[in-house]
>>> print(open('entry-v1.cif').read())   # mmCIF, C-alpha atoms and all ligand atoms
data_structure
#
loop_
_atom_site.label_atom_id
_atom_site.label_comp_id
_atom_site.auth_asym_id
_atom_site.auth_seq_id
_atom_site.Cartn_x
_atom_site.Cartn_y
_atom_site.Cartn_z
CA MET A 1 185.70 95.45 99.55
CA THR A 2 187.63 98.47 98.29
CA SER A 3 186.23 101.89 99.05
CA ARG A 4 186.49 104.79 96.62
CA PRO A 5 189.50 107.01 97.48
CA LEU A 6 188.41 110.27 99.10
CA GLN A 7 190.32 112.60 96.83
CA ALA A 8 189.80 115.49 94.45
CA THR A 9 191.73 118.25 92.72
CA ALA A 10 190.43 121.80 92.31
CA GLN A 11 191.63 125.00 90.74
CA ALA A 12 190.89 128.57 91.74
CA GLN A 13 192.19 132.01 90.85
CA PRO A 14 192.99 135.05 92.94
CA ASN A 15 190.62 137.97 93.01
CA ILE A 16 191.39 141.66 93.23
CA ALA A 17 189.16 143.77 95.46
CA LEU A 18 187.96 147.06 94.00
CA VAL A 19 186.15 147.93 97.21
CA LYS A 20 188.60 146.68 99.82
CA TYR A 21 188.28 144.50 102.90
CA TRP A 22 190.45 145.54 105.86
CA GLY A 23 189.24 144.62 109.35
CA LYS A 24 187.00 142.09 111.06
CA ARG A 25 183.87 142.18 113.19
CA ASP A 26 184.70 138.74 114.60
CA ALA A 27 188.14 137.16 114.51
CA ALA A 28 187.12 133.62 115.54
CA LEU A 29 184.61 133.21 112.69
CA ASN A 30 186.63 135.50 110.43
CA LEU A 31 183.73 137.86 109.80
CA PRO A 32 184.61 141.02 107.88
CA ALA A 33 183.78 144.40 109.44
CA ALA A 34 182.44 145.58 106.07
CA GLY A 35 181.57 144.15 102.66
CA SER A 36 183.84 144.17 99.61
CA LEU A 37 183.62 143.87 95.83
CA SER A 38 186.11 142.07 93.63
CA ILE A 39 187.00 140.73 90.22
CA THR A 40 188.29 137.18 89.81
CA LEU A 41 191.30 136.84 87.50
CA ASP A 42 191.94 134.13 84.90
CA ALA A 43 195.73 134.17 84.42
CA LEU A 44 197.02 133.14 87.85
CA HIS A 45 196.15 129.74 89.27
CA THR A 46 196.24 127.69 92.42
CA ARG A 47 195.86 123.94 91.95
CA THR A 48 195.13 121.90 95.08
CA ARG A 49 194.86 118.14 95.50
CA VAL A 50 193.31 116.70 98.65
CA ARG A 51 193.38 113.02 99.58
CA PHE A 52 191.90 111.68 102.83
CA ASP A 53 193.71 108.55 103.91
CA ASP A 54 192.97 106.33 106.94
CA ALA A 55 196.64 105.36 107.07
CA LEU A 56 197.75 108.93 107.94
CA THR A 57 198.23 109.85 111.60
CA ALA A 58 198.48 113.58 110.87
CA ASP A 59 197.64 115.95 108.02
CA TYR A 60 200.48 116.20 105.55
CA ILE A 61 200.47 119.54 103.73
CA THR A 62 202.80 121.01 101.13
CA LEU A 63 202.56 124.43 99.49
CA ASP A 64 204.64 124.79 96.34
CA GLY A 65 206.44 121.60 97.37
CA GLU A 66 207.41 122.84 100.84
CA SER A 67 205.86 122.32 104.24
CA ASP A 68 205.45 125.22 106.65
CA GLU A 69 204.37 124.58 110.23
CA ALA A 70 202.21 127.69 110.71
CA GLN A 71 200.45 127.23 107.37
CA SER A 72 199.92 123.53 108.08
CA ARG A 73 198.25 124.32 111.41
CA LYS A 74 195.95 126.81 109.72
CA ILE A 75 195.05 124.39 106.95
CA GLY A 76 194.57 121.52 109.42
CA ALA A 77 192.07 123.66 111.37
CA PHE A 78 190.33 124.50 108.09
CA LEU A 79 190.06 120.81 107.17
CA ASP A 80 188.55 120.18 110.62
CA LEU A 81 185.52 122.29 109.61
CA PHE A 82 184.88 119.89 106.72
CA ARG A 83 185.70 116.78 108.78
CA ALA A 84 183.12 117.88 111.34
CA ARG A 85 180.47 118.16 108.61
CA ALA A 86 181.38 114.77 107.18
CA GLY A 87 181.51 113.18 110.64
CA ILE A 88 185.03 111.82 110.16
CA THR A 89 188.45 112.32 111.72
CA THR A 90 190.52 110.98 108.80
CA ARG A 91 193.70 112.93 108.13
CA ALA A 92 194.52 114.30 104.71
CA HIS A 93 197.37 114.79 102.32
CA VAL A 94 197.13 118.24 100.71
CA GLU A 95 199.36 119.39 97.87
CA SER A 96 198.86 122.94 96.66
CA GLY A 97 200.80 124.91 94.08
CA ASN A 98 200.64 128.42 92.67
CA ASP A 99 201.91 129.54 89.28
CA PHE A 100 202.64 133.01 90.76
CA PRO A 101 204.58 134.34 93.81
CA THR A 102 203.03 133.36 97.15
CA GLY A 103 202.46 135.92 99.90
CA ALA A 104 203.47 138.96 97.87
CA GLY A 105 200.17 140.80 97.58
CA LEU A 106 198.80 138.64 94.76
CA ALA A 107 196.01 137.15 96.85
CA SER A 108 197.47 133.66 97.12
CA SER A 109 195.40 133.00 100.25
CA ALA A 110 192.22 133.80 98.30
CA SER A 111 192.83 131.29 95.53
CA GLY A 112 194.44 128.84 97.98
CA PHE A 113 191.51 128.51 100.39
CA ALA A 114 188.94 128.65 97.57
CA ALA A 115 190.65 125.74 95.79
CA LEU A 116 191.06 123.84 99.06
CA ALA A 117 187.39 124.32 99.98
CA ALA A 118 186.22 123.10 96.56
CA ALA A 119 188.57 120.08 96.54
CA THR A 120 187.74 119.07 100.11
CA ASP A 121 184.00 119.37 99.50
CA ARG A 122 184.31 117.05 96.50
CA ALA A 123 186.72 114.61 98.15
CA LEU A 124 184.33 114.14 101.07
CA GLY A 125 181.24 114.07 98.83
CA LEU A 126 179.58 116.87 100.79
CA HIS A 127 178.01 118.56 97.73
CA LEU A 128 177.74 121.91 99.47
CA GLN A 129 176.01 124.82 97.73
CA SER A 130 178.37 127.57 96.48
CA ARG A 131 177.07 129.94 99.14
CA GLU A 132 178.02 127.50 101.88
CA LEU A 133 181.37 126.85 100.24
CA SER A 134 181.96 130.61 100.20
CA MET A 135 181.17 130.76 103.94
CA LEU A 136 183.62 127.96 104.65
CA ALA A 137 186.30 129.49 102.40
CA ARG A 138 185.87 132.70 104.44
CA ARG A 139 186.97 130.81 107.56
CA GLY A 140 190.31 130.17 105.84
CA SER A 141 190.68 133.68 104.45
CA GLY A 142 188.13 136.46 104.07
CA SER A 143 189.10 137.15 100.47
CA ALA A 144 188.82 133.41 99.61
CA ALA A 145 185.04 133.64 100.02
CA ARG A 146 185.07 135.78 96.85
CA SER A 147 187.26 133.43 94.75
CA ILE A 148 184.56 130.74 94.92
CA PHE A 149 182.87 132.78 92.18
CA GLY A 150 184.05 134.21 88.86
CA GLY A 151 183.67 137.65 87.26
CA PHE A 152 182.43 140.47 89.49
CA VAL A 153 181.68 139.35 93.04
CA GLU A 154 180.31 141.01 96.16
CA MET A 155 181.11 139.85 99.68
CA ALA A 156 178.52 140.62 102.34
CA ALA A 157 179.70 141.51 105.85
CA GLY A 158 176.43 140.24 107.29
CA THR A 159 175.14 141.11 110.75
CA ARG A 160 174.51 137.71 112.34
CA ASP A 161 176.78 136.55 115.15
CA ASP A 162 176.99 133.05 113.66
CA GLY A 163 178.25 134.41 110.31
CA LYS A 164 175.57 132.66 108.28
CA ASP A 165 174.94 135.83 106.27
CA ALA A 166 178.63 136.54 105.54
CA PHE A 167 179.25 135.02 102.13
CA ALA A 168 179.99 136.16 98.59
CA THR A 169 177.53 136.39 95.69
CA PRO A 170 178.27 136.69 91.97
CA LEU A 171 177.25 140.09 90.56
CA LEU A 172 178.14 139.81 86.88
CA ASP A 173 179.80 137.16 84.71
CA ALA A 174 183.29 137.80 83.39
CA SER A 175 181.99 137.59 79.80
CA ALA A 176 179.38 140.31 80.47
CA TRP A 177 182.08 142.96 80.99
CA PRO A 178 185.45 141.46 79.97
CA LEU A 179 187.84 143.97 81.54
CA LYS A 180 191.57 143.23 81.66
CA VAL A 181 193.96 143.50 84.58
CA VAL A 182 197.64 144.32 84.07
CA VAL A 183 199.65 143.32 87.14
CA ALA A 184 202.97 145.11 87.61
CA ILE A 185 205.22 142.99 89.85
CA THR A 186 207.60 145.27 91.71
CA SER A 187 208.97 142.73 94.21
CA ARG A 188 208.83 138.96 94.68
CA LYS A 189 209.68 139.08 98.38
CA ARG A 190 207.21 137.75 100.92
CA LYS A 191 205.63 140.69 102.77
CA ALA A 192 206.87 141.44 106.27
CA VAL A 193 203.41 141.73 107.86
CA ASP A 194 200.67 139.46 106.57
CA SER A 195 197.16 140.79 106.01
CA ARG A 196 195.64 139.14 109.05
CA ALA A 197 198.19 140.58 111.48
CA GLY A 198 198.16 143.92 109.66
CA MET A 199 194.41 144.39 109.81
CA GLU A 200 194.30 143.39 113.45
CA THR A 201 196.88 146.09 114.26
CA SER A 202 195.05 148.66 112.13
CA GLN A 203 191.82 147.90 113.91
CA ARG A 204 193.49 148.38 117.28
CA THR A 205 195.64 151.42 116.55
CA SER A 206 194.72 153.34 113.40
CA PRO A 207 192.84 156.55 114.22
CA TYR A 208 191.12 156.27 110.83
CA TYR A 209 189.87 152.70 111.17
CA ARG A 210 186.29 153.52 112.27
CA ASP A 211 185.89 156.15 109.56
CA TRP A 212 187.18 153.66 107.01
CA VAL A 213 184.59 151.05 107.96
CA ALA A 214 181.87 153.73 107.80
CA THR A 215 182.80 154.65 104.18
CA VAL A 216 182.51 151.11 102.81
CA PRO A 217 178.70 150.71 102.47
CA HIS A 218 178.51 153.85 100.29
CA ASP A 219 181.47 152.74 98.12
CA LEU A 220 179.98 149.28 97.83
CA ALA A 221 176.61 150.57 96.64
CA ALA A 222 178.27 152.94 94.16
CA ALA A 223 180.61 150.22 92.81
CA ARG A 224 177.73 147.73 92.51
CA GLY A 225 175.79 150.34 90.51
CA ALA A 226 178.82 151.05 88.30
CA VAL A 227 179.25 147.33 87.57
CA GLN A 228 175.59 146.89 86.75
CA ALA A 229 175.71 149.94 84.43
CA ARG A 230 179.17 148.96 83.01
CA ASP A 231 180.26 152.50 83.95
CA PHE A 232 184.06 152.30 83.79
CA GLY A 233 184.68 155.92 84.85
CA LYS A 234 182.55 155.54 87.95
CA LEU A 235 184.13 152.20 88.87
CA ALA A 236 187.57 153.80 88.45
CA GLU A 237 186.70 156.67 90.79
CA ILE A 238 185.28 154.42 93.52
CA SER A 239 188.03 151.80 93.28
CA GLU A 240 190.93 154.22 93.52
CA ALA A 241 189.26 156.03 96.43
CA SER A 242 188.65 152.75 98.29
CA CYS A 243 192.24 151.64 97.71
CA LEU A 244 193.73 154.90 98.92
CA ALA A 245 191.43 155.09 101.95
CA MET A 246 192.53 151.57 102.97
CA HIS A 247 196.19 152.51 102.53
CA ALA A 248 195.60 155.68 104.58
CA VAL A 249 194.35 153.44 107.41
CA MET A 250 197.43 151.27 106.99
CA LEU A 251 199.82 154.24 106.99
CA ALA A 252 198.25 155.59 110.19
CA THR A 253 198.55 152.18 111.91
CA ARG A 254 201.10 152.02 114.73
CA PRO A 255 203.61 150.75 113.79
CA ALA A 256 202.90 151.94 110.25
CA LEU A 257 202.07 149.45 107.52
CA ILE A 258 203.80 150.63 104.38
CA TYR A 259 203.23 147.94 101.77
CA TRP A 260 204.38 150.13 98.85
CA ASN A 261 207.85 150.61 97.42
CA GLY A 262 209.09 153.35 95.10
CA ALA A 263 208.03 151.48 91.97
CA THR A 264 204.51 151.09 93.40
CA VAL A 265 204.15 154.88 93.53
CA ASP A 266 205.74 155.31 90.08
CA CYS A 267 203.25 152.81 88.60
CA ILE A 268 200.35 154.74 90.15
CA GLN A 269 201.67 157.99 88.63
CA CYS A 270 202.14 156.26 85.27
CA ILE A 271 198.51 155.09 85.33
CA ARG A 272 197.26 158.57 86.24
CA ALA A 273 199.21 160.00 83.28
CA LEU A 274 197.81 157.34 80.93
CA ARG A 275 194.30 158.25 81.97
CA LEU A 276 194.93 161.92 81.18
CA ARG A 277 195.80 160.72 77.64
CA GLY A 278 192.35 159.13 77.39
CA ILE A 279 193.36 155.54 78.15
CA GLY A 280 190.72 153.54 80.07
CA VAL A 281 192.64 152.42 83.14
CA PHE A 282 192.61 152.69 86.92
CA TYR A 283 194.84 151.29 89.65
CA THR A 284 194.41 149.31 92.81
CA VAL A 285 197.01 148.07 95.31
CA ASP A 286 196.55 145.45 98.05
CA ALA A 287 198.63 144.49 101.08
CA GLY A 288 201.77 144.29 98.99
CA PRO A 289 203.82 146.32 96.51
CA GLN A 290 202.27 145.08 93.24
CA VAL A 291 200.07 147.43 91.23
CA LYS A 292 197.00 146.11 89.49
CA ALA A 293 195.84 148.23 86.56
CA VAL A 294 192.26 147.49 85.60
CA CYS A 295 191.67 148.42 81.95
CA LEU A 296 189.23 148.45 79.13
CA PRO A 297 190.12 145.47 76.90
CA ASP A 298 191.40 147.57 73.97
CA ASP A 299 193.76 149.53 76.21
CA ALA A 300 195.48 146.62 77.98
CA ALA A 301 198.42 146.38 75.55
CA ASP A 302 199.26 150.10 75.90
CA VAL A 303 198.98 149.89 79.70
CA ALA A 304 201.25 146.82 79.83
CA GLU A 305 203.84 148.51 77.63
CA ALA A 306 203.85 151.66 79.77
CA LEU A 307 204.13 149.76 83.07
CA ARG A 308 206.92 147.56 81.72
CA ASP A 309 208.96 150.77 81.23
CA VAL A 310 208.57 151.94 84.84
CA ALA A 311 211.88 151.58 86.69
CA GLY A 312 211.69 148.81 89.31
CA VAL A 313 208.95 146.84 87.57
CA GLU A 314 210.26 143.28 87.39
CA ASN A 315 207.50 141.74 85.34
CA VAL A 316 204.10 142.53 83.92
CA LEU A 317 201.25 140.02 83.65
CA VAL A 318 198.09 140.57 81.67
CA SER A 319 194.96 138.78 82.83
CA GLY A 320 191.36 138.64 81.82
CA LEU A 321 188.55 137.99 84.26
CA GLY A 322 187.96 134.35 85.06
CA GLU A 323 185.77 131.69 86.58
CA GLY A 324 185.29 130.68 90.18
CA ALA A 325 186.75 127.64 91.94
CA ARG A 326 186.11 124.37 90.12
CA ILE A 327 186.93 120.69 90.23
CA GLU A 328 189.51 119.52 87.75
CA GLY A 329 187.98 117.10 85.31
CA ASP A 330 184.48 118.58 85.55
CA ALA A 331 183.18 120.06 82.31
C1 LIG B 401 191.05 142.60 99.87
N1 LIG B 401 193.00 142.20 101.31
O1 LIG B 401 189.88 143.03 99.96
C2 LIG B 401 192.01 143.13 100.90
C3 LIG B 401 192.75 144.32 100.42
C4 LIG B 401 194.30 142.78 101.32
C5 LIG B 401 194.10 144.19 101.03
O2 LIG B 401 191.55 140.55 101.66
O3 LIG B 401 192.58 137.57 107.61
O4 LIG B 401 194.12 137.31 103.33
O5 LIG B 401 192.67 135.75 105.91
O6 LIG B 401 190.60 137.15 106.18
O7 LIG B 401 191.62 137.63 103.06
C6 LIG B 401 193.70 140.13 102.35
O8 LIG B 401 193.15 139.60 103.48
O9 LIG B 401 192.71 138.15 105.26
C7 LIG B 401 192.69 140.98 101.75
P1 LIG B 401 192.10 137.11 106.29
P2 LIG B 401 192.88 138.04 103.71
O10 LIG B 401 191.43 141.83 98.96
#
>>> encode(input="entry-v1.cif", output="structure tokens", more="lines below")
Ligand code: 2P0
Amino acid sequence: MTSRPLQATAQAQPNIALVKYWGKRDAALNLPAAGSLSITLDALHTRTRVRFDDALTADYITLDGESDEAQSRKIGAFLDLFRARAGITTRAHVESGNDFPTGAGLASSASGFAALAAATDRALGLHLQSRELSMLARRGSGSAARSIFGGFVEMAAGTRDDGKDAFATPLLDASAWPLKVVVAITSRKRKAVDSRAGMETSQRTSPYYRDWVATVPHDLAAARGAVQARDFGKLAEISEASCLAMHAVMLATRPALIYWNGATVDCIQCIRALRLRGIGVFYTVDAGPQVKAVCLPDDAADVAEALRDVAGVENVLVSGLGEGARIEGDA
């Protein structure tokens, strides 16, 4: 008798947080200290194939064609969560690829763990609900919980010790408010301090960390209201404030976390000047030097042209808002 191969391929896209996540209330379960709100992109993709094979004696994992010991350990532990649910110990072959730079502040861990969660769920025939998939994706990377869904998404911090109330929920479909995101790439280098290590140090040493966590519920409520009302000006105000407050925490971390370069600052100034000219745009920056300009659809071309002219900008990508993680081949 031949059994059906336990394999599946999924795709997911990165998301950009407008109300940021920086800090955890529990490291073991990867529970965020506060909620966050994001938009899922459509132009950058992670594609992940998972195949469970009884002949394997260890997990075999490649990311963009290369294997990395630390990443493999992290992914192996993530697969263990699914193996435990399926009641198996079978090892897996995982191949994952991004069509954008990995580890450079473009949320590759978000799309990576969301795609891996979706593919593994299908390969093992678990048929988990999206909410549960979001909770599992969170264990890989907090931001990945959000990439399970498309459009505008809110991540709940939850209060339970077991993390069963810390998952993302879709707020609004991409088609209901089709904003554009212009991404200005200012460096393709891998960042020196990854988000997980950075937020742990901020939590331990930044004098502003507690105040930062205390500001998030208000920003979250205001951003949620702005999304529901399609109030671009309000969303701009909240998003830029949340971004800068997070970077203030990072700057005050010891040793300081300075994810920006000169071009990052010049892009921010360019966006501020565009807005004074009446263009519908605001900026946000994550744990990396790239600048994401969120714009009204009709203004995206002007924003892209202006950012392309900023010295130090290597490339500019224009993205719409996209769907959540999905299985390749499904309609
Ligand atoms: C965010 N970032 O909300 C924030 C803004 C970076 C800056 O979520 O430790 O890779 O795996 O849960 O999800 C990046 O953090 O961290 C992130 P872990 P993750 O998008």
>>> atom_distance(input="entry-v1.cif", atom1="atom CA of A:Asp99", atom2="atom CA of A:Asp68")
18.2 Å
>>> closest_residue(input="entry-v1.cif", among="A:Lys234, A:Ala263, A:Cys243, A:Tyr208", to="A:Asp309", atoms="only C-alpha atoms")
A:Ala263
>>> residues_near_ligand(input="entry-v1.cif", ligand="ligand LIG 401 (chain B)", cutoff="10 Å", atoms="all atoms listed in the file", output="ChimeraX atom specification")
/A:14-24,27,29-32,34-39,103,105-111,113,137-146,155,194-200,242-243,246-247,250,259,284-288
>>> closest_residue(input="entry-v1.cif", among="A:Leu124, A:Val183, A:Ala86, A:Ala174", to="A:Leu44", atoms="all atoms listed in the file")
A:Val183
>>> closest_residue(input="entry-v1.cif", among="A:Ala223, A:Thr201, A:Asp59, A:Gly233", to="A:Leu251", atoms="only C-alpha atoms")
A:Thr201
